[in-house]
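Source file entry_27.cif; content: mmCIF, C-alpha atoms.
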```
data_input
loop_
_atom_site.group_PDB
_atom_site.id
_atom_site.type_symbol
_atom_site.label_atom_id
_atom_site.label_comp_id
_atom_site.auth_asym_id
_atom_site.auth_seq_id
_atom_site.Cartn_x
_atom_site.Cartn_y
_atom_site.Cartn_z
ATOM 1 C CA MET A 1 -18.952 18.317 3.887
ATOM 2 C CA ILE A 2 -21.284 18.055 6.884
ATOM 3 C CA LYS A 3 -20.399 14.421 7.534
ATOM 4 C CA ARG A 4 -16.709 15.376 7.672
ATOM 5 C CA LEU A 5 -17.342 18.235 10.126
ATOM 6 C CA PRO A 6 -16.690 16.115 13.271
ATOM 7 C CA SER A 7 -13.301 15.062 11.865
ATOM 8 C CA LEU A 8 -12.384 18.665 11.106
ATOM 9 C CA ILE A 9 -13.378 19.746 14.617
ATOM 10 C CA ILE A 10 -11.239 16.995 16.185
ATOM 11 C CA ILE A 11 -8.253 17.953 14.002
ATOM 12 C CA ILE A 12 -8.599 21.621 14.969
ATOM 13 C CA LEU A 13 -8.812 20.722 18.666
ATOM 14 C CA ILE A 14 -5.702 18.532 18.386
ATOM 15 C CA LEU A 15 -3.800 21.353 16.670
ATOM 16 C CA ILE A 16 -4.850 23.828 19.367
ATOM 17 C CA LEU A 17 -3.776 21.429 22.118
ATOM 18 C CA TRP A 18 -0.499 20.775 20.300
ATOM 19 C CA GLN A 19 0.114 24.527 20.010
ATOM 20 C CA ILE A 20 -0.476 25.015 23.746
ATOM 21 C CA ILE A 21 1.780 22.109 24.772
ATOM 22 C CA ALA A 22 4.564 23.308 22.451
ATOM 23 C CA PHE A 23 4.250 26.810 23.897
ATOM 24 C CA VAL A 24 4.499 25.460 27.468
ATOM 25 C CA ILE A 25 7.499 23.233 26.692
ATOM 26 C CA SER A 26 9.147 26.051 24.729
ATOM 27 C CA ALA A 27 11.712 23.752 23.104
ATOM 28 C CA PRO A 28 11.254 23.844 19.308
ATOM 29 C CA TYR A 29 14.031 21.324 18.720
ATOM 30 C CA ILE A 30 12.013 18.774 20.765
ATOM 31 C CA LEU A 31 8.396 19.667 19.960
ATOM 32 C CA PRO A 32 7.810 22.456 17.435
ATOM 33 C CA SER A 33 4.362 24.034 17.309
ATOM 34 C CA PRO A 34 2.025 23.646 14.326
ATOM 35 C CA THR A 35 2.604 27.298 13.401
ATOM 36 C CA GLN A 36 6.390 26.803 13.431
ATOM 37 C CA ILE A 37 6.018 23.746 11.208
ATOM 38 C CA ALA A 38 3.741 25.662 8.828
ATOM 39 C CA PHE A 39 6.282 28.504 8.610
ATOM 40 C CA LYS A 40 9.055 25.979 7.978
ATOM 41 C CA ILE A 41 7.075 24.372 5.141
ATOM 42 C CA TRP A 42 6.525 27.809 3.622
ATOM 43 C CA GLU A 43 10.184 28.720 4.077
ATOM 44 C CA LEU A 44 11.384 25.502 2.399
ATOM 45 C CA ARG A 45 8.516 25.272 -0.110
ATOM 46 C CA LYS A 46 10.782 25.394 -3.160
ATOM 47 C CA THR A 47 13.011 22.549 -1.985
ATOM 48 C CA LEU A 48 10.174 20.454 -0.582
ATOM 49 C CA PHE A 49 7.711 20.767 -3.454
ATOM 50 C CA THR A 50 10.105 20.715 -6.422
ATOM 51 C CA VAL A 51 12.756 18.231 -5.271
ATOM 52 C CA HIS A 52 11.856 16.005 -2.346
ATOM 53 C CA LEU A 53 8.066 15.609 -2.651
ATOM 54 C CA PRO A 54 8.205 14.502 -6.331
ATOM 55 C CA ALA A 55 10.944 11.974 -5.471
ATOM 56 C CA THR A 56 8.857 10.462 -2.667
ATOM 57 C CA MET A 57 5.667 10.445 -4.719
ATOM 58 C CA PHE A 58 7.385 8.652 -7.597
ATOM 59 C CA VAL A 59 8.516 5.896 -5.229
ATOM 60 C CA THR A 60 5.083 5.800 -3.589
ATOM 61 C CA PHE A 61 3.038 5.494 -6.785
ATOM 62 C CA THR A 62 5.461 3.111 -8.490
ATOM 63 C CA GLY A 63 5.522 0.830 -5.457
ATOM 64 C CA LEU A 64 1.741 1.084 -5.114
ATOM 65 C CA LEU A 65 1.193 0.210 -8.784
ATOM 66 C CA ILE A 66 3.447 -2.846 -8.532
ATOM 67 C CA SER A 67 1.710 -3.870 -5.306
ATOM 68 C CA VAL A 68 -1.737 -3.585 -6.926
ATOM 69 C CA VAL A 69 -0.714 -5.740 -9.888
ATOM 70 C CA LEU A 70 1.090 -8.280 -7.707
ATOM 71 C CA GLY A 71 -1.615 -8.324 -5.024
ATOM 72 C CA ILE A 72 -4.516 -8.799 -7.427
ATOM 73 C CA ALA A 73 -2.620 -11.474 -9.376
ATOM 74 C CA LEU A 74 -1.884 -13.424 -6.193
ATOM 75 C CA ALA A 75 -5.473 -13.043 -5.001
ATOM 76 C CA VAL A 76 -6.810 -14.367 -8.316
ATOM 77 C CA VAL A 77 -4.449 -17.358 -8.267
ATOM 78 C CA MET A 78 -5.315 -18.144 -4.650
ATOM 79 C CA ASP A 79 -9.032 -17.920 -5.397
ATOM 80 C CA MET A 80 -8.770 -20.220 -8.413
ATOM 81 C CA ASN A 81 -6.887 -22.985 -6.630
ATOM 82 C CA GLU A 82 -7.389 -23.835 -2.945
ATOM 83 C CA LYS A 83 -4.130 -25.790 -2.757
ATOM 84 C CA ILE A 84 -2.170 -22.819 -4.046
ATOM 85 C CA ALA A 85 -4.025 -20.607 -1.565
ATOM 86 C CA ASN A 86 -3.052 -22.897 1.317
ATOM 87 C CA ALA A 87 0.568 -22.789 0.135
ATOM 88 C CA LEU A 88 0.814 -19.039 -0.483
ATOM 89 C CA TYR A 89 -1.263 -17.690 2.408
ATOM 90 C CA PRO A 90 1.346 -18.474 5.108
ATOM 91 C CA LEU A 91 4.079 -16.959 2.923
ATOM 92 C CA VAL A 92 2.083 -13.758 2.453
ATOM 93 C CA ILE A 93 1.580 -13.544 6.225
ATOM 94 C CA ALA A 94 5.266 -14.301 6.860
ATOM 95 C CA SER A 95 6.313 -11.452 4.570
ATOM 96 C CA GLN A 96 4.744 -9.017 7.046
ATOM 97 C CA THR A 97 6.729 -10.355 9.989
ATOM 98 C CA ILE A 98 9.987 -9.096 8.470
ATOM 99 C CA PRO A 99 10.967 -5.805 10.164
ATOM 100 C CA THR A 100 11.149 -3.129 7.493
ATOM 101 C CA THR A 101 14.049 -1.376 9.205
ATOM 102 C CA ALA A 102 15.977 -4.658 9.077
ATOM 103 C CA ILE A 103 15.353 -5.559 5.431
ATOM 104 C CA ALA A 104 15.630 -2.044 3.959
ATOM 105 C CA PRO A 105 19.423 -1.755 4.529
ATOM 106 C CA LEU A 106 19.816 -5.064 2.686
ATOM 107 C CA PHE A 107 17.961 -3.653 -0.312
ATOM 108 C CA VAL A 108 20.289 -0.650 -0.217
ATOM 109 C CA LEU A 109 23.262 -3.036 -0.052
ATOM 110 C CA TRP A 110 21.988 -5.059 -3.022
ATOM 111 C CA PHE A 111 20.735 -2.206 -5.226
ATOM 112 C CA GLY A 112 22.680 0.756 -3.842
ATOM 113 C CA TYR A 113 20.912 4.103 -3.562
ATOM 114 C CA SER A 114 18.922 3.413 -6.714
ATOM 115 C CA ILE A 115 15.184 3.898 -6.987
ATOM 116 C CA TRP A 116 14.547 0.139 -6.868
ATOM 117 C CA ALA A 117 15.754 -0.260 -3.286
ATOM 118 C CA LYS A 118 13.085 2.202 -2.128
ATOM 119 C CA ILE A 119 10.399 0.748 -4.389
ATOM 120 C CA LEU A 120 11.006 -2.778 -3.059
ATOM 121 C CA VAL A 121 10.571 -1.582 0.527
ATOM 122 C CA THR A 122 7.281 0.069 -0.460
ATOM 123 C CA VAL A 123 6.071 -3.061 -2.252
ATOM 124 C CA LEU A 124 6.992 -5.258 0.719
ATOM 125 C CA ILE A 125 4.754 -3.172 2.979
ATOM 126 C CA THR A 126 1.796 -2.562 0.669
ATOM 127 C CA PHE A 127 1.141 -5.746 -1.298
ATOM 128 C CA PHE A 128 -0.076 -7.658 1.785
ATOM 129 C CA PRO A 129 -3.310 -5.712 2.477
ATOM 130 C CA ILE A 130 -4.133 -5.671 -1.242
ATOM 131 C CA THR A 131 -3.634 -9.432 -1.607
ATOM 132 C CA ILE A 132 -5.567 -10.427 1.506
ATOM 133 C CA THR A 133 -8.407 -7.941 0.997
ATOM 134 C CA MET A 134 -8.907 -8.870 -2.660
ATOM 135 C CA TYR A 135 -8.785 -12.565 -1.795
ATOM 136 C CA ASP A 136 -11.484 -12.012 0.821
ATOM 137 C CA GLY A 137 -13.471 -10.074 -1.777
ATOM 138 C CA PHE A 138 -13.399 -12.964 -4.232
ATOM 139 C CA ARG A 139 -14.321 -15.399 -1.480
ATOM 140 C CA SER A 140 -17.204 -13.228 -0.253
ATOM 141 C CA VAL A 141 -19.462 -14.468 -3.054
ATOM 142 C CA LYS A 142 -22.174 -16.758 -1.718
ATOM 143 C CA ARG A 143 -21.995 -20.365 -2.829
ATOM 144 C CA GLU A 144 -25.704 -20.308 -3.686
ATOM 145 C CA MET A 145 -25.147 -17.579 -6.285
ATOM 146 C CA GLU A 146 -22.337 -19.571 -7.899
ATOM 147 C CA GLU A 147 -24.532 -22.659 -8.044
ATOM 148 C CA LEU A 148 -27.345 -20.635 -9.609
ATOM 149 C CA LEU A 149 -25.085 -19.431 -12.409
ATOM 150 C CA ILE A 150 -23.779 -22.974 -12.924
ATOM 151 C CA THR A 151 -27.345 -24.200 -13.426
ATOM 152 C CA TYR A 152 -27.690 -21.576 -16.178
ATOM 153 C CA GLY A 153 -24.628 -23.022 -17.889
ATOM 154 C CA ALA A 154 -22.059 -20.493 -16.710
ATOM 155 C CA LYS A 155 -18.404 -21.495 -16.823
ATOM 156 C CA LYS A 156 -15.698 -20.644 -14.271
ATOM 157 C CA ARG A 157 -14.643 -17.679 -16.385
ATOM 158 C CA ASP A 158 -18.202 -16.337 -16.443
ATOM 159 C CA ILE A 159 -18.588 -16.762 -12.694
ATOM 160 C CA PHE A 160 -15.316 -14.945 -12.067
ATOM 161 C CA LEU A 161 -15.950 -12.015 -14.420
ATOM 162 C CA LYS A 162 -19.689 -11.541 -13.825
ATOM 163 C CA LEU A 163 -19.987 -12.453 -10.156
ATOM 164 C CA LYS A 164 -16.696 -12.391 -8.292
ATOM 165 C CA VAL A 165 -15.143 -9.307 -9.888
ATOM 166 C CA PRO A 166 -18.168 -7.041 -9.215
ATOM 167 C CA SER A 167 -18.359 -8.378 -5.645
ATOM 168 C CA ALA A 168 -14.666 -7.643 -5.095
ATOM 169 C CA ILE A 169 -14.777 -4.020 -6.329
ATOM 170 C CA PRO A 170 -15.668 -2.533 -2.891
ATOM 171 C CA TYR A 171 -12.880 -4.635 -1.385
ATOM 172 C CA PHE A 172 -10.497 -3.234 -4.006
ATOM 173 C CA PHE A 173 -11.185 0.344 -2.948
ATOM 174 C CA SER A 174 -10.815 -0.624 0.718
ATOM 175 C CA ALA A 175 -7.457 -2.237 -0.087
ATOM 176 C CA ILE A 176 -6.249 0.875 -1.904
ATOM 177 C CA LYS A 177 -7.288 3.118 0.988
ATOM 178 C CA MET A 178 -5.258 0.912 3.342
ATOM 179 C CA ALA A 179 -2.299 0.639 0.984
ATOM 180 C CA VAL A 180 -1.886 4.353 0.232
ATOM 181 C CA PRO A 181 -0.746 5.398 3.750
ATOM 182 C CA LEU A 182 1.415 2.270 3.963
ATOM 183 C CA SER A 183 3.074 3.068 0.633
ATOM 184 C CA VAL A 184 3.875 6.585 1.854
ATOM 185 C CA ILE A 185 5.317 5.152 5.066
ATOM 186 C CA GLY A 186 7.346 2.588 3.120
ATOM 187 C CA ALA A 187 8.812 5.230 0.817
ATOM 188 C CA ALA A 188 9.690 7.488 3.766
ATOM 189 C CA ILE A 189 11.340 4.638 5.701
ATOM 190 C CA ALA A 190 13.392 3.627 2.649
ATOM 191 C CA GLU A 191 14.511 7.225 2.129
ATOM 192 C CA TRP A 192 15.318 7.584 5.817
ATOM 193 C CA LEU A 193 17.611 4.537 5.744
ATOM 194 C CA GLY A 194 19.327 5.276 2.473
ATOM 195 C CA ALA A 195 18.616 7.885 -0.196
ATOM 196 C CA GLN A 196 19.857 11.107 -1.741
ATOM 197 C CA SER A 197 16.474 12.777 -2.095
ATOM 198 C CA GLY A 198 12.923 12.493 -0.816
ATOM 199 C CA LEU A 199 11.001 13.704 2.218
ATOM 200 C CA GLY A 200 12.307 10.881 4.411
ATOM 201 C CA TYR A 201 15.878 11.800 3.519
ATOM 202 C CA PHE A 202 15.147 15.487 4.129
ATOM 203 C CA SER A 203 13.642 14.757 7.560
ATOM 204 C CA LYS A 204 16.738 12.765 8.543
ATOM 205 C CA ARG A 205 18.990 15.581 7.369
ATOM 206 C CA MET A 206 17.062 18.110 9.460
ATOM 207 C CA MET A 207 17.430 15.842 12.506
ATOM 208 C CA THR A 208 21.215 16.023 12.270
ATOM 209 C CA GLN A 209 20.831 19.815 12.463
ATOM 210 C CA LEU A 210 18.523 19.590 15.519
ATOM 211 C CA ASP A 211 15.847 21.424 13.524
ATOM 212 C CA GLY A 212 12.596 20.160 15.068
ATOM 213 C CA ALA A 213 10.327 22.060 12.689
ATOM 214 C CA GLY A 214 12.422 20.830 9.763
ATOM 215 C CA VAL A 215 11.993 17.231 10.938
ATOM 216 C CA PHE A 216 8.224 17.580 11.308
ATOM 217 C CA ALA A 217 7.666 19.552 8.077
ATOM 218 C CA PRO A 218 8.114 16.637 5.630
ATOM 219 C CA ILE A 219 6.210 14.321 7.988
ATOM 220 C CA VAL A 220 3.214 16.672 8.059
ATOM 221 C CA LEU A 221 3.459 17.107 4.306
ATOM 222 C CA LEU A 222 3.406 13.335 3.797
ATOM 223 C CA SER A 223 0.372 13.001 6.076
ATOM 224 C CA VAL A 224 -1.546 15.681 4.188
ATOM 225 C CA VAL A 225 -0.696 14.130 0.808
ATOM 226 C CA ALA A 226 -1.754 10.662 2.015
ATOM 227 C CA MET A 227 -5.083 12.024 3.289
ATOM 228 C CA LEU A 228 -5.703 13.818 -0.006
ATOM 229 C CA ILE A 229 -5.031 10.654 -2.013
ATOM 230 C CA VAL A 230 -7.302 8.587 0.237
ATOM 231 C CA GLY A 231 -9.957 11.288 -0.137
ATOM 232 C CA ILE A 232 -9.709 11.083 -3.938
ATOM 233 C CA VAL A 233 -9.979 7.284 -3.778
ATOM 234 C CA SER A 234 -13.074 7.620 -1.564
ATOM 235 C CA ILE A 235 -14.691 9.959 -4.099
ATOM 236 C CA LEU A 236 -13.926 7.510 -6.908
ATOM 237 C CA GLU A 237 -15.400 4.726 -4.795
ATOM 238 C CA GLU A 238 -18.644 6.645 -4.354
ATOM 239 C CA LYS A 239 -18.834 7.205 -8.119
ATOM 240 C CA CYS A 240 -17.953 3.626 -9.109
ATOM 241 C CA VAL A 241 -19.901 1.737 -6.439
ATOM 242 C CA LYS A 242 -23.157 3.683 -6.444
ATOM 243 C CA TRP A 243 -25.224 0.576 -5.710
ATOM 244 C CA ARG A 244 -23.536 0.315 -2.328
ATOM 245 C CA ASN A 245 -25.091 3.588 -1.187
ATOM 246 C CA ASP A 246 -28.558 2.428 -2.200
ATOM 247 C CA ILE A 247 -28.565 -0.666 0.022
#
```
Transcribe the structure of this file into structure tokens.
Amino acid sequence: MIKRLPSLIIIILILILWQIIAFVISAPYILPSPTQIAFKIWELRKTLFTVHLPATMFVTFTGLLISVVLGIALAVVMDMNEKIANALYPLVIASQTIPTTAIAPLFVLWFGYSIWAKILVTVLITFFPITITMYDGFRSVKREMEELLITYGAKKRDIFLKLKVPSAIPYFFSAIKMAVPLSVIGAAIAEWLGAQSGLGYFSKRMMTQLDGAGVFAPIVLLSVVAMLIVGIVSILEEKCVKWRNDI
């Protein structure tokens, strides 16, 4: 708790400054204050927490799960074969140069307003950091350690399972902590561009009504949820990678 105190102080100061600026501007449809947003979340709590938040979280976690499986699989294949790595690496990089706002309408055109259009947008955004980070984790193993195991008669499978996988575990948690906010952003963007439910859709609907607090409410809610998930992942990391704290 003590180590997180500076972050809490900064957040409180930002909220106070935001409250003052919003009070000076006095235009809630342009910049609502934190208190107005909090009241709006409370006012719309039933709709937000029972309809739109579950819809966004389903897209987020489904897309994240697919990204984890796809990212780890690609990282393993790239680590096993250097030629495949040289062929796939540029393609993985190129996938991140595609503007999400440009490709998302195409997914909606191909799949309609189904759940898969939103999931594909989320996967497109999140699988990159998982793939690259896990690949770097596998490659972080020192060559001397591999050679030592080979002298003891270890096979490639043994080296991968007993040396590379443990070395890549911290990288895995780092990849997840990067991918979680991106998956939330991807789901919100997909819902903003084409959906019938979700926090992104709700924010867009509030914008058409010039309801500033209504626009910010789902955004703040998404930010809080993303921070909570990253916090849970960090706790799991501390439990699973205890040796890291002893170095």
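Ranking A:Ile219, A:Ala195, A:Ile176, A:Val76 by their shortest atom-to-atom distance to Glu237 in chain A, with all atoms listed in the file included, puts A:Ile176 first.
Nearest residue to Ser197 in chain A among A:Pro6, A:Pro54, A:Pro28, A:Pro90 is A:Pro54, counting all atoms listed in the file.
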Shortest contact to Leu91 in chain A, candidates A:Ala117, A:Ala179, A:Phe128, A:Ala226, atoms counted only C-alpha atoms, goes to A:Phe128
### Query
Got a sec to resolve the PyMOL selection byres ((chain A and resi 159-170) around 12) on this structure and send the residues as a PyMOL selection string?
chain A and resi 72+75-77+79-80+130-158+171-177+233-234+236-245
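Across A:Phe127, A:Leu106, A:Lys118, A:Leu17, the tightest approach to Gly71 in chain A is made by A:Phe127 when counting all atoms listed in the file.
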**Asked** Which residues, written as a PyMOL selection string, have at least one atom at most 10 Å from Leu182 in chain A, with only C-alpha atoms counted and residues fewer than 2 positions away on the same chain left out?
**Response** chain A and resi 60+64+122-127+129+176-180+184-188+226
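Going from CA of Leu48 in chain A over to CA of Leu15 in chain A, you cover 22.2 Å.
Candidate residues A:Ile232, A:Ala73, A:Pro34, A:Thr56 were compared for distance to Gly214 in chain A, and the nearest is A:Pro34, using all atoms listed in the file.
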